[in-house]
Every structure is written in C-alpha cells, then in structure tokens.
>>> print(open('model36.csv').read())   # CSV, C-alpha atoms
chain,number,residue,atom,x,y,z
A,516,MET,CA,-28.0,-33.3,12.4
A,517,SER,CA,-31.3,-31.9,11.4
A,518,HIS,CA,-33.0,-28.8,10.1
A,519,THR,CA,-36.7,-27.8,9.9
A,520,TRP,CA,-38.6,-25.5,7.6
A,521,GLN,CA,-42.1,-24.2,8.2
A,522,ILE,CA,-44.6,-24.2,5.4
A,523,ASN,CA,-46.6,-21.0,5.5
A,524,GLN,CA,-49.1,-21.7,2.7
A,525,ASP,CA,-50.7,-24.8,1.4
A,526,VAL,CA,-48.2,-26.3,-1.1
A,527,LEU,CA,-47.8,-29.3,-3.3
A,528,LEU,CA,-44.5,-31.2,-2.7
A,529,LEU,CA,-43.1,-32.3,-6.0
A,530,SER,CA,-39.6,-33.7,-5.3
A,531,MET,CA,-36.8,-34.0,-2.8
A,532,PHE,CA,-33.0,-34.1,-3.4
A,533,PRO,CA,-30.8,-35.0,-0.4
A,534,HIS,CA,-27.2,-33.9,-0.8
A,535,MET,CA,-24.1,-34.8,1.4
A,536,HIS,CA,-20.6,-35.8,0.6
A,537,LEU,CA,-18.4,-38.9,1.2
A,538,ARG,CA,-19.2,-39.3,5.0
A,539,GLY,CA,-23.0,-39.2,4.5
A,540,LYS,CA,-24.6,-42.3,5.8
A,541,SER,CA,-28.4,-41.7,5.8
A,542,PHE,CA,-30.9,-38.9,5.0
A,543,ARG,CA,-34.5,-38.6,5.9
A,544,TYR,CA,-37.3,-36.1,5.1
A,545,GLU,CA,-40.3,-35.9,7.5
A,546,ALA,CA,-43.5,-33.9,7.5
A,547,LEU,CA,-44.4,-32.7,11.0
A,548,HIS,CA,-48.1,-32.0,10.9
A,549,ALA,CA,-50.0,-29.6,13.1
A,550,ASN,CA,-51.9,-32.4,14.8
A,551,GLY,CA,-48.5,-34.0,16.0
A,552,GLU,CA,-48.4,-36.7,13.4
A,553,VAL,CA,-45.0,-37.4,11.9
A,554,GLU,CA,-45.0,-38.6,8.3
A,555,VAL,CA,-41.9,-40.0,6.6
A,556,LEU,CA,-41.7,-38.4,3.1
A,557,LEU,CA,-38.4,-39.9,2.0
A,558,ASP,CA,-35.9,-42.3,3.7
A,559,VAL,CA,-32.5,-43.0,2.2
A,560,PRO,CA,-31.0,-45.4,4.8
A,561,ARG,CA,-27.8,-46.1,2.8
A,562,TYR,CA,-26.8,-42.8,1.3
A,563,ASP,CA,-24.2,-43.1,-1.5
A,564,PHE,CA,-22.3,-40.0,-2.7
A,565,ASN,CA,-21.8,-41.7,-6.1
A,566,TRP,CA,-25.5,-42.2,-6.5
A,567,GLN,CA,-27.1,-38.8,-5.8
A,568,HIS,CA,-30.7,-38.7,-7.0
A,569,SER,CA,-33.6,-36.4,-7.2
A,570,TYR,CA,-36.7,-38.2,-6.0
A,571,VAL,CA,-39.7,-37.0,-7.9
A,572,LEU,CA,-43.0,-38.0,-6.4
A,573,ALA,CA,-45.4,-40.0,-8.6
A,574,GLU,CA,-48.2,-37.8,-7.3
A,575,PRO,CA,-47.6,-34.4,-5.7
A,576,ARG,CA,-48.1,-34.5,-1.9
A,577,ARG,CA,-50.3,-31.7,-0.5
A,578,LEU,CA,-48.9,-30.1,2.7
A,579,PRO,CA,-51.1,-27.7,4.5
A,580,ALA,CA,-49.9,-24.4,6.0
A,581,GLY,CA,-48.4,-25.0,9.4
A,582,THR,CA,-46.7,-28.2,8.4
A,583,HIS,CA,-42.9,-28.4,9.0
A,584,ILE,CA,-40.5,-30.3,6.9
A,585,ARG,CA,-37.6,-31.8,8.8
A,586,CYS,CA,-34.5,-33.1,7.2
A,587,THR,CA,-32.2,-35.4,9.2
A,588,ALA,CA,-28.7,-36.6,8.1
A,589,VAL,CA,-26.3,-39.0,9.7
A,590,TYR,CA,-22.6,-39.0,9.0
A,591,ASP,CA,-19.9,-41.7,9.4
A,592,ASN,CA,-16.4,-40.4,9.9
A,593,SER,CA,-15.0,-43.7,11.0
A,594,SER,CA,-12.4,-45.9,9.4
A,595,GLY,CA,-15.2,-48.4,8.8
A,596,ASN,CA,-16.6,-46.1,6.1
A,597,SER,CA,-14.7,-47.1,2.9
A,598,ALA,CA,-15.6,-43.8,1.2
A,599,ASN,CA,-14.2,-41.7,4.0
A,600,PRO,CA,-11.0,-39.9,2.7
A,601,ASN,CA,-9.5,-39.4,6.1
A,602,PRO,CA,-11.1,-40.6,9.4
A,603,SER,CA,-8.7,-38.5,11.5
A,604,ALA,CA,-9.4,-35.2,9.7
A,605,THR,CA,-11.4,-32.4,11.3
A,606,VAL,CA,-14.4,-32.2,8.9
A,607,ARG,CA,-15.8,-28.8,7.9
A,608,THR,CA,-18.5,-27.7,5.6
A,609,GLY,CA,-17.4,-26.9,2.1
A,610,PRO,CA,-17.7,-27.5,-1.6
A,611,GLN,CA,-15.0,-30.2,-2.0
A,612,ALA,CA,-15.8,-33.9,-1.7
A,613,TRP,CA,-13.5,-34.2,1.4
A,614,ASP,CA,-15.5,-31.5,3.1
A,615,GLU,CA,-19.1,-32.1,4.0
A,616,MET,CA,-22.5,-30.7,3.1
A,617,PHE,CA,-26.0,-31.0,4.5
A,618,ASN,CA,-28.5,-29.9,1.9
A,619,GLY,CA,-32.1,-31.0,1.9
A,620,TYR,CA,-33.5,-29.6,-1.3
A,621,PHE,CA,-37.2,-29.9,-2.1
A,622,ASP,CA,-39.5,-28.4,-4.8
A,623,VAL,CA,-42.9,-27.1,-4.0
A,624,VAL,CA,-45.6,-25.0,-5.7
A,625,LEU,CA,-48.5,-23.2,-4.2
A,626,ALA,CA,-51.4,-25.7,-3.9
A,627,ASP,CA,-54.1,-23.6,-5.4
A,628,GLU,CA,-52.1,-21.7,-8.0
A,629,ASP,CA,-53.4,-22.1,-11.5
A,630,LEU,CA,-50.2,-22.5,-13.5
A,631,THR,CA,-52.1,-22.5,-16.8
A,632,GLN,CA,-53.0,-18.8,-16.5
A,633,PRO,CA,-50.6,-16.0,-17.4
A,634,VAL,CA,-49.4,-13.9,-14.5
A,635,THR,CA,-50.2,-10.2,-14.9
A,636,TRP,CA,-47.4,-7.7,-14.3
A,637,ASP,CA,-49.1,-6.2,-11.2
A,638,ALA,CA,-49.6,-9.7,-9.6
A,639,ALA,CA,-46.0,-10.5,-10.3
A,640,LEU,CA,-44.8,-7.2,-8.8
A,641,TRP,CA,-46.9,-7.7,-5.7
A,642,ALA,CA,-45.6,-11.3,-5.3
A,643,ILE,CA,-42.0,-10.0,-5.5
A,644,ALA,CA,-42.6,-7.1,-3.2
A,645,THR,CA,-44.3,-9.2,-0.5
A,646,SER,CA,-41.6,-11.8,-0.6
A,647,TRP,CA,-39.0,-9.1,0.1
A,648,CYS,CA,-40.7,-7.2,2.9
A,649,GLY,CA,-44.1,-8.8,3.7
A,650,PRO,CA,-47.6,-7.5,2.7
A,651,LYS,CA,-47.9,-5.0,5.6
A,652,LEU,CA,-44.7,-3.1,4.7
A,653,VAL,CA,-45.2,-2.9,0.9
A,654,PRO,CA,-47.2,0.4,1.0
A,655,TRP,CA,-44.5,2.0,3.2
A,656,VAL,CA,-41.7,0.8,1.0
A,657,VAL,CA,-43.5,2.2,-2.1
A,658,LEU,CA,-44.1,5.5,-0.3
A,659,ALA,CA,-40.4,5.8,0.8
A,660,GLY,CA,-39.3,5.0,-2.7
A,661,GLY,CA,-41.6,7.6,-4.2
A,662,VAL,CA,-40.3,10.2,-1.8
A,663,PHE,CA,-36.7,9.3,-2.6
A,664,LEU,CA,-37.3,9.6,-6.4
A,665,LEU,CA,-39.2,12.8,-6.0
A,666,ARG,CA,-36.4,14.4,-3.9
A,667,ARG,CA,-33.9,13.3,-6.6
A,668,ARG,CA,-36.0,14.9,-9.3
A,669,ILE,CA,-36.3,18.1,-7.4
A,670,ALA,CA,-32.6,18.1,-6.6
A,671,SER,CA,-31.6,17.6,-10.3
A,672,ARG,CA,-33.7,20.7,-11.3
A,673,ALA,CA,-32.3,22.9,-8.5
A,674,VAL,CA,-30.2,25.9,-9.6
A,675,PRO,CA,-26.7,25.6,-8.1
A,676,VAL,CA,-25.7,28.3,-5.7
A,677,VAL,CA,-22.5,30.1,-6.7
>>> encode(input="model36.csv", output="structure tokens")
Amino acid sequence: MSHTWQINQDVLLLSMFPHMHLRGKSFRYEALHANGEVEVLLDVPRYDFNWQHSYVLAEPRRLPAGTHIRCTAVYDNSSGNSANPNPSATVRTGPQAWDEMFNGYFDVVLADEDLTQPVTWDAALWAIATSWCGPKLVPWVVLAGGVFLLRRRIASRAVPVV
C-alpha cells in the first residue's frame, strides 16, 4: 500500500519515522521530483515491530515545492511471518498490535525560514489564519468575524421589548 503527499513550499526534510505493527514487512520513502526523477529517501527492507526507529538525517535534505513524498509499505499476513499473531484473521486498522497501521511520519521545516529570529504576533496570526483557510479567504473570514462580533455587541445593548 502507498500514500503520497505534495510539498507546496521548499522544505528541509529532517527525519522519517515509519510505523506499522506485527505484519509489517518493509517500508520505503521516496521523493518524486517534478522532473520525473524518483529518489529513495529511506528504505527499511526488513521492518521489525520491536525495533521502531526515527531516522534523523545527518544533513537536512532540501525538497523543492512540487516534490511529492511517497510512502510504500508491504505486509506479510502469512503463517511464514513468525510475528503474525493470527494468519487467518481479517486484519483491520487499529491501535492494538494485532491490528495494523500504516503511518509514514516525517519532519520538515520551511527551507528559508530563519528560526533564530522571534516570530511577531501578527506573523504568527497570519500563519495560523492562512493554514486554516488559505491566504485569499483570510480577509473575508476576518470581515465575517467582525460583523458577527458587532451584531452581538449591538444585540447585547438592545432594550428588550415587553
């Protein structure tokens, strides 16, 4: 099974953490570049549930906007898998070890972000707002919120009709 994420801004890849349960056999991370090149970022050919590891890169890897990260996992539900709790069971996703998971965690930071400088409140607020609704909708959301608050204020001062 596999899943792909698109990178929308230039980022630095810092680490990867593949996570499966007892039937996990192998896990691979690949960068699919815009020019068609496929780069293997991490290959775990013999995944072991008892040895889960976060792989921190010795040097951060720059990934340009438009790159896709693809995670691919292979499972072994056969009786030949000594870790398999029940080869005849129907396997579902879930939190228990006898269930299965397919999580391809990775850590990135924006490539050109200066992490030594403090973030101003307005920059932080803008970042939060654009992550929620996108930069084009932020002014409309702020306007709608202002109208809502103004209506509440006017309503709270209104004289009740008896």
>>> residues_around(input="model36.csv", residues="range 543-545 of chain A", least_positions_apart="2", cutoff="9 Å", atoms="all atoms listed in the file", output="PyMOL selection string")
chain A and resi 531+533+541+547+553-560+583-588+619
>>> closest_residue(input="model36.csv", among="A:Ala598, A:Asp637, A:Asp627, A:Leu658", to="Trp613 in chain A", atoms="all atoms listed in the file")
A:Ala598
>>> closest_residue(input="model36.csv", among="A:Pro654, A:Gly660, A:Gly551, A:Pro610", to="Leu537 in chain A", atoms="only C-alpha atoms")
A:Pro610
>>> closest_residue(input="model36.csv", among="A:Lys651, A:His548, A:Arg561, A:Arg607", to="Leu578 in chain A", atoms="all atoms listed in the file")
A:His548
>>> atom_distance(input="model36.csv", atom1="CA of Leu640 in chain A", atom2="CA of Val526 in chain A")
20.9 Å
>>> atom_distance(input="model36.csv", atom1="CA of Ala604 in chain A", atom2="CA of Met535 in chain A")
16.9 Å
>>> residues_around(input="model36.csv", residues="Ser597 in chain A", least_positions_apart="4", cutoff="12 Å", atoms="all atoms listed in the file", output="list in words")
Leu537, Arg538, Gly539, Lys540, Asp563, Phe564, Asp591, Asn592, Ser593, Asn601 and Pro602 of chain A
>>> atom_distance(input="model36.csv", atom1="CA of Thr645 in chain A", atom2="CA of Glu574 in chain A")
29.7 Å
>>> residues_near_point(input="model36.csv", point="(-31.8, -38.8, -6.9)", cutoff="10 Å", atoms="all atoms listed in the file", output="MDAnalysis selection string")
chainID A and resid 530:534 566:571
>>> write_last_selection(input="model36.csv", atoms="C-alpha atoms", output="PDB file, in the frame of the given file")
ATOM      1  CA  SER A 530     -39.600 -33.700  -5.300  1.00  0.00           C
ATOM      2  CA  MET A 531     -36.800 -34.000  -2.800  1.00  0.00           C
ATOM      3  CA  PHE A 532     -33.000 -34.100  -3.400  1.00  0.00           C
ATOM      4  CA  PRO A 533     -30.800 -35.000  -0.400  1.00  0.00           C
ATOM      5  CA  HIS A 534     -27.200 -33.900  -0.800  1.00  0.00           C
ATOM      6  CA  TRP A 566     -25.500 -42.200  -6.500  1.00  0.00           C
ATOM      7  CA  GLN A 567     -27.100 -38.800  -5.800  1.00  0.00           C
ATOM      8  CA  HIS A 568     -30.700 -38.700  -7.000  1.00  0.00           C
ATOM      9  CA  SER A 569     -33.600 -36.400  -7.200  1.00  0.00           C
ATOM     10  CA  TYR A 570     -36.700 -38.200  -6.000  1.00  0.00           C
ATOM     11  CA  VAL A 571     -39.700 -37.000  -7.900  1.00  0.00           C
TER      12      VAL A 571
END
>>> closest_residue(input="model36.csv", among="A:Leu664, A:Gln521, A:Ser594, A:His536", to="Thr582 in chain A", atoms="all atoms listed in the file")
A:Gln521
>>> closest_residue(input="model36.csv", among="A:Leu528, A:Glu628, A:Asn599, A:Pro650", to="Arg576 in chain A", atoms="only C-alpha atoms")
A:Leu528
>>> residues_around(input="model36.csv", residues="Val653 in chain A", least_positions_apart="6", cutoff="10 Å", atoms="all atoms listed in the file", output="list of chain:residue names")
A:Trp641, A:Ala644, A:Thr645, A:Ser646, A:Trp647, A:Ala659
>>> write_last_selection(input="model36.csv", atoms="C-alpha atoms", output="PDB file, in the frame of the given file")
ATOM      1  CA  TRP A 641     -46.900  -7.700  -5.700  1.00  0.00           C
ATOM      2  CA  ALA A 644     -42.600  -7.100  -3.200  1.00  0.00           C
ATOM      3  CA  THR A 645     -44.300  -9.200  -0.500  1.00  0.00           C
ATOM      4  CA  SER A 646     -41.600 -11.800  -0.600  1.00  0.00           C
ATOM      5  CA  TRP A 647     -39.000  -9.100   0.100  1.00  0.00           C
ATOM      6  CA  ALA A 659     -40.400   5.800   0.800  1.00  0.00           C
TER       7      ALA A 659
END
>>> build_atoms(input="model36.csv", residues="range 627-638 of chain A", atoms="all heavy atoms", output="compact mmCIF listing (two decimals), in the coordinates of the input")
# COMPACT_ATOMS: atom_id res chain seq x y z
N ASP A 627 -52.96 -24.03 -4.62
CA ASP A 627 -54.10 -23.60 -5.40
C ASP A 627 -53.79 -22.62 -6.49
O ASP A 627 -54.66 -21.92 -7.00
CB ASP A 627 -55.13 -22.93 -4.38
CG ASP A 627 -55.57 -23.93 -3.32
OD1 ASP A 627 -55.84 -25.09 -3.69
OD2 ASP A 627 -55.63 -23.56 -2.14
N GLU A 628 -52.54 -22.59 -6.88
CA GLU A 628 -52.10 -21.70 -8.00
C GLU A 628 -52.45 -22.34 -9.30
O GLU A 628 -52.15 -23.51 -9.54
CB GLU A 628 -50.60 -21.46 -7.85
CG GLU A 628 -50.08 -20.47 -8.82
CD GLU A 628 -48.61 -20.17 -8.60
OE1 GLU A 628 -47.95 -20.92 -7.86
OE2 GLU A 628 -48.12 -19.20 -9.16
N ASP A 629 -53.08 -21.58 -10.17
CA ASP A 629 -53.40 -22.10 -11.50
C ASP A 629 -52.25 -21.73 -12.44
O ASP A 629 -52.12 -20.60 -12.91
CB ASP A 629 -54.71 -21.43 -12.00
CG ASP A 629 -55.16 -22.00 -13.34
OD1 ASP A 629 -54.43 -22.82 -13.93
OD2 ASP A 629 -56.25 -21.61 -13.80
N LEU A 630 -51.41 -22.70 -12.71
CA LEU A 630 -50.20 -22.50 -13.50
C LEU A 630 -50.51 -22.41 -15.01
O LEU A 630 -49.61 -22.18 -15.81
CB LEU A 630 -49.18 -23.55 -13.22
CG LEU A 630 -48.68 -23.59 -11.77
CD1 LEU A 630 -47.73 -24.75 -11.57
CD2 LEU A 630 -48.02 -22.28 -11.38
N THR A 631 -51.79 -22.60 -15.39
CA THR A 631 -52.10 -22.50 -16.80
C THR A 631 -52.49 -21.09 -17.22
O THR A 631 -52.60 -20.80 -18.40
CB THR A 631 -53.34 -23.43 -17.14
OG1 THR A 631 -54.50 -22.97 -16.43
CG2 THR A 631 -53.04 -24.87 -16.77
N GLN A 632 -52.67 -20.19 -16.25
CA GLN A 632 -53.00 -18.80 -16.50
C GLN A 632 -51.79 -17.91 -16.51
O GLN A 632 -50.93 -18.08 -15.66
CB GLN A 632 -54.03 -18.29 -15.49
CG GLN A 632 -55.34 -19.06 -15.48
CD GLN A 632 -56.07 -18.96 -16.81
OE1 GLN A 632 -56.16 -17.88 -17.39
NE2 GLN A 632 -56.55 -20.08 -17.31
N PRO A 633 -51.73 -16.95 -17.44
CA PRO A 633 -50.60 -16.00 -17.40
C PRO A 633 -50.65 -15.13 -16.17
O PRO A 633 -51.72 -14.83 -15.67
CB PRO A 633 -50.75 -15.21 -18.69
CG PRO A 633 -52.19 -15.33 -19.05
CD PRO A 633 -52.66 -16.66 -18.51
N VAL A 634 -49.49 -14.74 -15.70
CA VAL A 634 -49.40 -13.90 -14.50
C VAL A 634 -49.36 -12.42 -15.03
O VAL A 634 -48.56 -12.09 -15.90
CB VAL A 634 -48.13 -14.19 -13.71
CG1 VAL A 634 -48.00 -13.23 -12.54
CG2 VAL A 634 -48.18 -15.63 -13.23
N THR A 635 -50.22 -11.57 -14.47
CA THR A 635 -50.20 -10.20 -14.90
C THR A 635 -49.04 -9.47 -14.20
O THR A 635 -48.52 -9.93 -13.18
CB THR A 635 -51.54 -9.49 -14.43
OG1 THR A 635 -51.65 -9.59 -13.00
CG2 THR A 635 -52.73 -10.16 -15.09
N TRP A 636 -48.61 -8.36 -14.77
CA TRP A 636 -47.40 -7.70 -14.30
C TRP A 636 -47.66 -7.19 -12.83
O TRP A 636 -46.75 -7.23 -12.01
CB TRP A 636 -47.03 -6.52 -15.17
CG TRP A 636 -47.98 -5.35 -15.15
CD1 TRP A 636 -49.06 -5.16 -15.96
CD2 TRP A 636 -47.98 -4.27 -14.23
NE1 TRP A 636 -49.72 -4.02 -15.61
CE2 TRP A 636 -49.08 -3.44 -14.55
CE3 TRP A 636 -47.15 -3.89 -13.17
CZ2 TRP A 636 -49.37 -2.28 -13.85
CZ3 TRP A 636 -47.45 -2.73 -12.48
CH2 TRP A 636 -48.55 -1.94 -12.82
N ASP A 637 -48.88 -6.73 -12.51
CA ASP A 637 -49.10 -6.20 -11.20
C ASP A 637 -49.12 -7.35 -10.13
O ASP A 637 -48.63 -7.19 -9.02
CB ASP A 637 -50.41 -5.40 -11.09
CG ASP A 637 -51.63 -6.17 -11.58
OD1 ASP A 637 -51.49 -7.01 -12.48
OD2 ASP A 637 -52.74 -5.92 -11.06
N ALA A 638 -49.63 -8.52 -10.51
CA ALA A 638 -49.60 -9.70 -9.60
C ALA A 638 -48.17 -10.14 -9.37
O ALA A 638 -47.79 -10.49 -8.25
CB ALA A 638 -50.45 -10.81 -10.15
